[in-house]
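Trainee: The structure's right below; bear with me while I get my questions together.
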Amino acid sequence: MIFGIRAVIEAVEAGKNIDKVIVKRELQGDLFKELQAALKGHEIPVQRVPLERIDRYTRKNHQGVIAFLSAITYDRIEEIVPFLYEQGKDPFILVLDGLTDVRNFGAIARTCEVGGVHAIVIPARGSVTVNADAVKTSAGALLKIPVCKEPNLTDAIQFLKNSGLKVLAATERAAINYTESEMKGPIAIVLGSEESGISNENLRICDQLVKIPQFGTIGSLNVSVAAGVLIYEVIRQKNIG
C-alpha cells in the first residue's frame with residue numbers, strides 16, 4: 001500500500017495499478033482537491049471511511065489517505081478476445097458479477113487456470129480484486145491467467161456477445177439444466193455472488209440461463225464449486241467432438 005496524499009497522487013499520475021483508495025471521511029483541503037483531480041477519469045474506487053479504519057493499516061503519517069496497489073496488471077477484454085481469435089482459438093471467458101469473497105475468487109481462478117479458461121472478467125467496483133490473499137488462495141493462478149477489471153460489466157458482457165461468444169448465466173431461476181445447453185465454440189459463463197446472484201440487468205442480456213440441479217435443502221452451491229461444474233462441462237462438451 002501507499003499512504004500520504006502526495007505519494008498517492010504521484011502513484012496515480014505514474015499509472016500504477018491501484019485497486020482502491022480509502023480516504024478519511026472528514027478529509028478536506030486544497031491537497032485533497034488535488035488528489036480528487038488526479039483520480040478523476042481513472043476507474044479507481046474511492047471509499048470514505050472513519051479514521052480508525054485507516055489507523056488499522058498504519059500509524060505512520062498517512063494524512064488520511066491510503067492507496068492499495070494491485071498484485072497484477074489488469075488486462076482489457078476488448079484486447080484479449082480479438083487476440084484469441086487471431087490465434088485460431090475459441091474464447092472461453094468467465095465473468096464474475098459482484099463476487100466479494102476473496103477465498104472463492106482464488107478457488108475459482110485456480111479452476112479456471114487448470115481448466116483452460118482464457119480470462120476472468122470482474123467489475124471495477126463492488127467486487128473482489130487481485131490482492132495477496134486472493135493470489136495465495138488461487139495457488140498462484142491469478143499471476144498466470146488474465147484478469148480484466150471492467151468499468152461497466154454490462155458493456156463487457158455485451159461486447160462478448162457482439163464478438164460471437166455465447167453468454168450463459170448460471171442461476172437457480174433458469175428453466176433448463178446446464179447439461180442441456182450447447183457449450184461448444186466461443187463461450188462465456190457468468191456467475192454471481194452467493195448473496196445476490198447475477199444482477200437483473202446482466203441476466204437480461206445473457207443468451208441463455210442454466211441451472212445446476214439441486215437435491216438437498218440448502219439454497220445454492222458454493223460459487224466456486226458451481227464454477228468448477230460449469231467449466232468442466234464446457235471441457236467435456238468440447239472433447240466429445
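Each chain of the C-alpha cells is named A, B, ... in the order shown, its residues numbered from 1; ligands are numbered from 1 in display order.
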Taking the backbone alone, and naming residues the way the document does, which bits of range 183-219 of chain A are strand (DSSP E) by DSSP, as a list in words?
Mentor: Ile187, Ala188, Ile189, Val190, Leu191, Gly192, Gln208, Leu209, Val210 and Lys211 of chain A
Trainee: So which residues of range 23-220 of chain A fall under alpha helix (DSSP H) by DSSP, listed as an mmCIF file with N, CA and C atoms, in the first residue's frame?
Mentor:
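And here's out12.cif as it stands now:
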```
data_model
loop_
_atom_site.group_PDB
_atom_site.id
_atom_site.type_symbol
_atom_site.label_atom_id
_atom_site.label_comp_id
_atom_site.auth_asym_id
_atom_site.auth_seq_id
_atom_site.Cartn_x
_atom_site.Cartn_y
_atom_site.Cartn_z
ATOM 1 N N ASP A 30 -6.976 21.860 0.154
ATOM 2 C CA ASP A 30 -6.503 22.026 -1.215
ATOM 3 C C ASP A 30 -5.763 20.792 -1.730
ATOM 4 N N LEU A 31 -4.958 20.166 -0.850
ATOM 5 C CA LEU A 31 -4.202 18.994 -1.289
ATOM 6 C C LEU A 31 -5.139 17.825 -1.596
ATOM 7 N N PHE A 32 -6.204 17.713 -0.820
ATOM 8 C CA PHE A 32 -7.191 16.662 -1.093
ATOM 9 C C PHE A 32 -7.897 16.929 -2.420
ATOM 10 N N LYS A 33 -8.175 18.208 -2.712
ATOM 11 C CA LYS A 33 -8.785 18.549 -4.000
ATOM 12 C C LYS A 33 -7.860 18.178 -5.151
ATOM 13 N N GLU A 34 -6.565 18.320 -4.915
ATOM 14 C CA GLU A 34 -5.579 17.925 -5.929
ATOM 15 C C GLU A 34 -5.630 16.408 -6.152
ATOM 16 N N LEU A 35 -5.807 15.653 -5.070
ATOM 17 C CA LEU A 35 -5.942 14.203 -5.187
ATOM 18 C C LEU A 35 -7.202 13.841 -5.974
ATOM 19 N N GLN A 36 -8.297 14.511 -5.681
ATOM 20 C CA GLN A 36 -9.550 14.258 -6.399
ATOM 21 C C GLN A 36 -9.380 14.525 -7.897
ATOM 22 N N ALA A 37 -8.656 15.586 -8.216
ATOM 23 C CA ALA A 37 -8.422 15.921 -9.623
ATOM 24 C C ALA A 37 -7.576 14.843 -10.301
ATOM 25 N N ALA A 38 -6.578 14.316 -9.572
ATOM 26 C CA ALA A 38 -5.724 13.278 -10.134
ATOM 27 C C ALA A 38 -6.510 11.991 -10.382
ATOM 28 N N LEU A 39 -7.448 11.679 -9.488
ATOM 29 C CA LEU A 39 -8.240 10.453 -9.597
ATOM 30 C C LEU A 39 -9.315 10.555 -10.673
ATOM 31 N N LEU A 51 -11.516 7.397 10.510
ATOM 32 C CA LEU A 51 -10.075 7.445 10.745
ATOM 33 C C LEU A 51 -9.576 6.155 11.388
ATOM 34 N N GLU A 52 -10.389 5.567 12.257
ATOM 35 C CA GLU A 52 -9.970 4.362 12.968
ATOM 36 C C GLU A 52 -9.628 3.234 11.997
ATOM 37 N N ARG A 53 -10.372 3.156 10.910
ATOM 38 C CA ARG A 53 -10.099 2.089 9.934
ATOM 39 C C ARG A 53 -8.759 2.309 9.252
ATOM 40 N N ILE A 54 -8.441 3.554 8.922
ATOM 41 C CA ILE A 54 -7.158 3.854 8.283
ATOM 42 C C ILE A 54 -6.011 3.562 9.249
ATOM 43 N N ASP A 55 -6.203 3.910 10.517
ATOM 44 C CA ASP A 55 -5.159 3.677 11.516
ATOM 45 C C ASP A 55 -4.867 2.200 11.726
ATOM 46 N N ARG A 56 -5.834 1.339 11.359
ATOM 47 C CA ARG A 56 -5.584 -0.107 11.494
ATOM 48 C C ARG A 56 -4.505 -0.567 10.512
ATOM 49 N N TYR A 57 -4.389 0.127 9.379
ATOM 50 C CA TYR A 57 -3.400 -0.252 8.375
ATOM 51 C C TYR A 57 -2.015 0.304 8.703
ATOM 52 N N ILE A 77 -10.648 -6.879 -21.808
ATOM 53 C CA ILE A 77 -11.310 -7.951 -22.556
ATOM 54 C C ILE A 77 -11.407 -7.600 -24.040
ATOM 55 N N GLU A 78 -11.469 -6.303 -24.348
ATOM 56 C CA GLU A 78 -11.542 -5.869 -25.751
ATOM 57 C C GLU A 78 -10.270 -6.199 -26.525
ATOM 58 N N GLU A 79 -9.175 -6.433 -25.804
ATOM 59 C CA GLU A 79 -7.916 -6.800 -26.454
ATOM 60 C C GLU A 79 -7.713 -8.312 -26.464
ATOM 61 N N ILE A 80 -8.189 -8.990 -25.427
ATOM 62 C CA ILE A 80 -7.955 -10.428 -25.298
ATOM 63 C C ILE A 80 -8.755 -11.225 -26.324
ATOM 64 N N VAL A 81 -10.046 -10.901 -26.485
ATOM 65 C CA VAL A 81 -10.895 -11.701 -27.381
ATOM 66 C C VAL A 81 -10.391 -11.669 -28.830
ATOM 67 N N PRO A 82 -10.113 -10.489 -29.409
ATOM 68 C CA PRO A 82 -9.580 -10.492 -30.786
ATOM 69 C C PRO A 82 -8.263 -11.260 -30.912
ATOM 70 N N PHE A 83 -7.419 -11.159 -29.885
ATOM 71 C CA PHE A 83 -6.141 -11.870 -29.898
ATOM 72 C C PHE A 83 -6.351 -13.380 -29.933
ATOM 73 N N LEU A 84 -7.335 -13.874 -29.165
ATOM 74 C CA LEU A 84 -7.627 -15.314 -29.161
ATOM 75 C C LEU A 84 -8.121 -15.773 -30.526
ATOM 76 N N TYR A 85 -8.995 -14.965 -31.136
ATOM 77 C CA TYR A 85 -9.486 -15.319 -32.475
ATOM 78 C C TYR A 85 -8.339 -15.353 -33.484
ATOM 79 N N GLU A 86 -7.435 -14.392 -33.375
ATOM 80 C CA GLU A 86 -6.291 -14.352 -34.295
ATOM 81 C C GLU A 86 -5.424 -15.605 -34.163
ATOM 82 N N VAL A 102 -12.969 -13.271 -1.196
ATOM 83 C CA VAL A 102 -11.631 -13.437 -1.769
ATOM 84 C C VAL A 102 -11.263 -14.911 -1.911
ATOM 85 N N ARG A 103 -11.659 -15.727 -0.938
ATOM 86 C CA ARG A 103 -11.302 -17.157 -0.998
ATOM 87 C C ARG A 103 -12.011 -17.856 -2.155
ATOM 88 N N ASN A 104 -13.269 -17.524 -2.352
ATOM 89 C CA ASN A 104 -13.973 -18.089 -3.508
ATOM 90 C C ASN A 104 -13.332 -17.646 -4.809
ATOM 91 N N PHE A 105 -12.939 -16.375 -4.866
ATOM 92 C CA PHE A 105 -12.291 -15.843 -6.068
ATOM 93 C C PHE A 105 -11.018 -16.614 -6.372
ATOM 94 N N GLY A 106 -10.199 -16.831 -5.349
ATOM 95 C CA GLY A 106 -8.958 -17.570 -5.539
ATOM 96 C C GLY A 106 -9.205 -18.997 -6.003
ATOM 97 N N ALA A 107 -10.209 -19.651 -5.399
ATOM 98 C CA ALA A 107 -10.530 -21.027 -5.784
ATOM 99 C C ALA A 107 -11.030 -21.088 -7.224
ATOM 100 N N ILE A 108 -11.859 -20.118 -7.611
ATOM 101 C CA ILE A 108 -12.360 -20.067 -8.987
ATOM 102 C C ILE A 108 -11.206 -19.859 -9.969
ATOM 103 N N ALA A 109 -10.312 -18.942 -9.640
ATOM 104 C CA ALA A 109 -9.177 -18.672 -10.530
ATOM 105 C C ALA A 109 -8.306 -19.911 -10.706
ATOM 106 N N ARG A 110 -8.142 -20.676 -9.648
ATOM 107 C CA ARG A 110 -7.342 -21.907 -9.739
ATOM 108 C C ARG A 110 -7.991 -22.895 -10.708
ATOM 109 N N THR A 111 -9.310 -23.060 -10.589
ATOM 110 C CA THR A 111 -10.022 -23.957 -11.505
ATOM 111 C C THR A 111 -9.963 -23.431 -12.940
ATOM 112 N N CYS A 112 -10.096 -22.109 -13.100
ATOM 113 C CA CYS A 112 -10.017 -21.509 -14.439
ATOM 114 C C CYS A 112 -8.677 -21.803 -15.094
ATOM 115 N N GLU A 113 -7.607 -21.633 -14.356
ATOM 116 C CA GLU A 113 -6.276 -21.838 -14.916
ATOM 117 C C GLU A 113 -6.078 -23.302 -15.310
ATOM 118 N N VAL A 114 -6.500 -24.209 -14.441
ATOM 119 C CA VAL A 114 -6.359 -25.635 -14.721
ATOM 120 C C VAL A 114 -7.273 -26.053 -15.874
ATOM 121 N N GLY A 115 -8.458 -25.432 -15.950
ATOM 122 C CA GLY A 115 -9.448 -25.817 -16.943
ATOM 123 C C GLY A 115 -9.326 -25.134 -18.285
ATOM 124 N N ALA A 132 -3.203 -9.973 -2.215
ATOM 125 C CA ALA A 132 -2.299 -11.051 -1.798
ATOM 126 C C ALA A 132 -3.064 -12.286 -1.335
ATOM 127 N N ASP A 133 -4.174 -12.093 -0.621
ATOM 128 C CA ASP A 133 -4.958 -13.236 -0.137
ATOM 129 C C ASP A 133 -5.554 -14.024 -1.304
ATOM 130 N N ALA A 134 -6.061 -13.302 -2.312
ATOM 131 C CA ALA A 134 -6.638 -13.979 -3.478
ATOM 132 C C ALA A 134 -5.572 -14.770 -4.223
ATOM 133 N N VAL A 135 -4.400 -14.180 -4.395
ATOM 134 C CA VAL A 135 -3.305 -14.867 -5.092
ATOM 135 C C VAL A 135 -2.905 -16.131 -4.340
ATOM 136 N N LYS A 136 -2.824 -16.025 -3.008
ATOM 137 C CA LYS A 136 -2.442 -17.193 -2.197
ATOM 138 C C LYS A 136 -3.478 -18.304 -2.317
ATOM 139 N N THR A 137 -4.766 -17.942 -2.220
ATOM 140 C CA THR A 137 -5.831 -18.941 -2.308
ATOM 141 C C THR A 137 -5.867 -19.590 -3.677
ATOM 142 N N LEU A 153 -19.661 -3.731 -16.313
ATOM 143 C CA LEU A 153 -19.737 -5.161 -16.590
ATOM 144 C C LEU A 153 -20.786 -5.474 -17.652
ATOM 145 N N THR A 154 -21.878 -4.735 -17.668
ATOM 146 C CA THR A 154 -22.914 -4.951 -18.682
ATOM 147 C C THR A 154 -22.362 -4.698 -20.081
ATOM 148 N N ASP A 155 -21.593 -3.636 -20.219
ATOM 149 C CA ASP A 155 -20.970 -3.352 -21.521
ATOM 150 C C ASP A 155 -19.989 -4.458 -21.910
ATOM 151 N N ALA A 156 -19.276 -4.982 -20.907
ATOM 152 C CA ALA A 156 -18.314 -6.056 -21.190
ATOM 153 C C ALA A 156 -19.033 -7.315 -21.675
ATOM 154 N N ILE A 157 -20.162 -7.647 -21.047
ATOM 155 C CA ILE A 157 -20.941 -8.817 -21.474
ATOM 156 C C ILE A 157 -21.486 -8.598 -22.880
ATOM 157 N N GLN A 158 -21.971 -7.382 -23.151
ATOM 158 C CA GLN A 158 -22.484 -7.082 -24.489
ATOM 159 C C GLN A 158 -21.368 -7.193 -25.526
ATOM 160 N N PHE A 159 -20.171 -6.767 -25.164
ATOM 161 C CA PHE A 159 -19.024 -6.898 -26.076
ATOM 162 C C PHE A 159 -18.762 -8.371 -26.392
ATOM 163 N N LEU A 160 -18.840 -9.231 -25.382
ATOM 164 C CA LEU A 160 -18.628 -10.661 -25.607
ATOM 165 C C LEU A 160 -19.668 -11.217 -26.569
ATOM 166 N N LYS A 161 -20.928 -10.813 -26.380
ATOM 167 C CA LYS A 161 -21.990 -11.246 -27.292
ATOM 168 C C LYS A 161 -21.724 -10.767 -28.717
ATOM 169 N N ASN A 162 -21.377 -9.492 -28.830
ATOM 170 C CA ASN A 162 -21.113 -8.922 -30.149
ATOM 171 C C ASN A 162 -19.906 -9.564 -30.827
ATOM 172 N N ASN A 200 -30.115 -8.248 -12.408
ATOM 173 C CA ASN A 200 -31.172 -8.402 -13.415
ATOM 174 C C ASN A 200 -30.756 -7.824 -14.759
ATOM 175 N N GLU A 201 -30.047 -6.704 -14.717
ATOM 176 C CA GLU A 201 -29.591 -6.069 -15.956
ATOM 177 C C GLU A 201 -28.695 -7.008 -16.758
ATOM 178 N N ASN A 202 -27.809 -7.687 -16.064
ATOM 179 C CA ASN A 202 -26.905 -8.598 -16.761
ATOM 180 C C ASN A 202 -27.601 -9.898 -17.165
ATOM 181 N N LEU A 203 -28.530 -10.361 -16.353
ATOM 182 C CA LEU A 203 -29.288 -11.559 -16.716
ATOM 183 C C LEU A 203 -30.044 -11.356 -18.020
ATOM 184 N N ARG A 204 -30.605 -10.162 -18.197
ATOM 185 C CA ARG A 204 -31.438 -9.888 -19.366
ATOM 186 C C ARG A 204 -30.667 -9.979 -20.675
ATOM 187 N N ILE A 205 -29.392 -9.660 -20.649
ATOM 188 C CA ILE A 205 -28.646 -9.629 -21.912
ATOM 189 C C ILE A 205 -27.909 -10.938 -22.196
#
```
Trainee: Given only C-alpha atoms as the basis, pick out the residue of A:Ile120, A:Val229, A:Ile5, A:Leu94 nearest to Ile187 in chain A.
Mentor: A:Leu94
Trainee: Between CA of Lys20 in chain A and CA of Ile44 in chain A, what is the distance in Å, rounded to a tenth?
Mentor: 5.6 Å
Trainee: So that I can check the surroundings of Asp19 in chain A, please list as a PyMOL selection string every protein, DNA and RNA residue that reaches within 10 Å of it, counting only C-alpha atoms and ignoring chain neighbours fewer than 4 positions away.
Mentor: chain A and resi 1+43-46+67-72+124-125+128-131+149
Trainee: Given the selection you just returned, output its residues as a file containing C-alpha atoms, formatted as a compact mmCIF listing (two decimals), in the first residue's frame.
Mentor:
```txt
# COMPACT_ATOMS: atom_id res chain seq x y z
CA MET A 1 0.00 0.00 0.00
CA GLU A 43 -11.57 3.81 -12.72
CA ILE A 44 -10.24 3.65 -9.15
CA PRO A 45 -12.81 3.06 -6.39
CA VAL A 46 -12.59 5.61 -3.57
CA ALA A 67 -3.95 3.51 -1.79
CA PHE A 68 -3.80 -0.25 -2.25
CA LEU A 69 -1.74 -1.47 -5.19
CA SER A 70 -2.86 -4.43 -7.28
CA ALA A 71 -0.80 -7.61 -7.27
CA ILE A 72 -1.11 -7.79 -11.08
CA ALA A 124 -14.13 -2.33 -11.29
CA ARG A 125 -16.48 -1.53 -8.39
CA VAL A 128 -13.16 -8.70 -5.30
CA THR A 129 -9.78 -7.61 -6.57
CA VAL A 130 -6.50 -9.42 -7.04
CA ASN A 131 -4.85 -8.94 -3.66
CA LYS A 149 -11.28 -5.29 -14.49
```
Trainee: Measuring between only C-alpha atoms, which one of A:Gln63, A:Gln237, A:Gln28, A:Ser138 shows the shortest distance to Val8 in chain A?
Mentor: A:Gln63
Trainee: Go through A:Ile18, A:Ile9, A:Ile176, A:Ile212 one by one, measure the shortest atom-to-atom distance of each to Ala227 in chain A using only C-alpha atoms, and give the residue with the smallest value.
Mentor: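 Among the listed residues, the smallest separation from Ala227 in chain A belongs to A:Ile212.
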Trainee: Calculated over only C-alpha atoms, which of the candidates A:Pro146, A:Pro186, A:Gly197, A:Gly29 has the smallest distance to Ala169 in chain A?
Mentor: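 Nearest to Ala169 in chain A: A:Gly197.
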Trainee: Rank A:His42, A:Lys89, A:Arg76, A:Arg48 by their smallest atom-to-atom distance to Val147 in chain A, using only C-alpha atoms, and report the top residue only.
Mentor: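 For Val147 in chain A, the nearest of the candidates is A:Arg76.
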Trainee: Restricting the calculation to only C-alpha atoms, which member of A:Glu150, A:Glu180, A:Glu172, A:Glu233 is positioned closest to Gly98 in chain A?
Mentor: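 Comparing A:Glu150, A:Glu180, A:Glu172, A:Glu233 against Gly98 in chain A, the winner is A:Glu150.
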Trainee: Can you pull out every residue within 10 Å of Gln208 in chain A, counting only C-alpha atoms, but drop anything in the same chain fewer than 4 positions away, and send it as number ranges by chain?
Mentor: A: 166-170, 174-176, 178, 181-182, 189, 203-204
Trainee: State, in Å with one decimal place, the distance from CA of Gly228 in chain A to CA of Gln214 in chain A.
Mentor: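 Computing it gives 15.4 Å between the two atoms.
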Trainee: Write out as a list of chain:residue names the residues lying within 6 Å of Gly4 in chain A, counting only C-alpha atoms and excluding same-chain residues fewer than 2 positions away.
Mentor: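 Counting only C-alpha atoms, the residues come to A:Arg6, A:Ala7, A:His62, A:Gln63, A:Val65.
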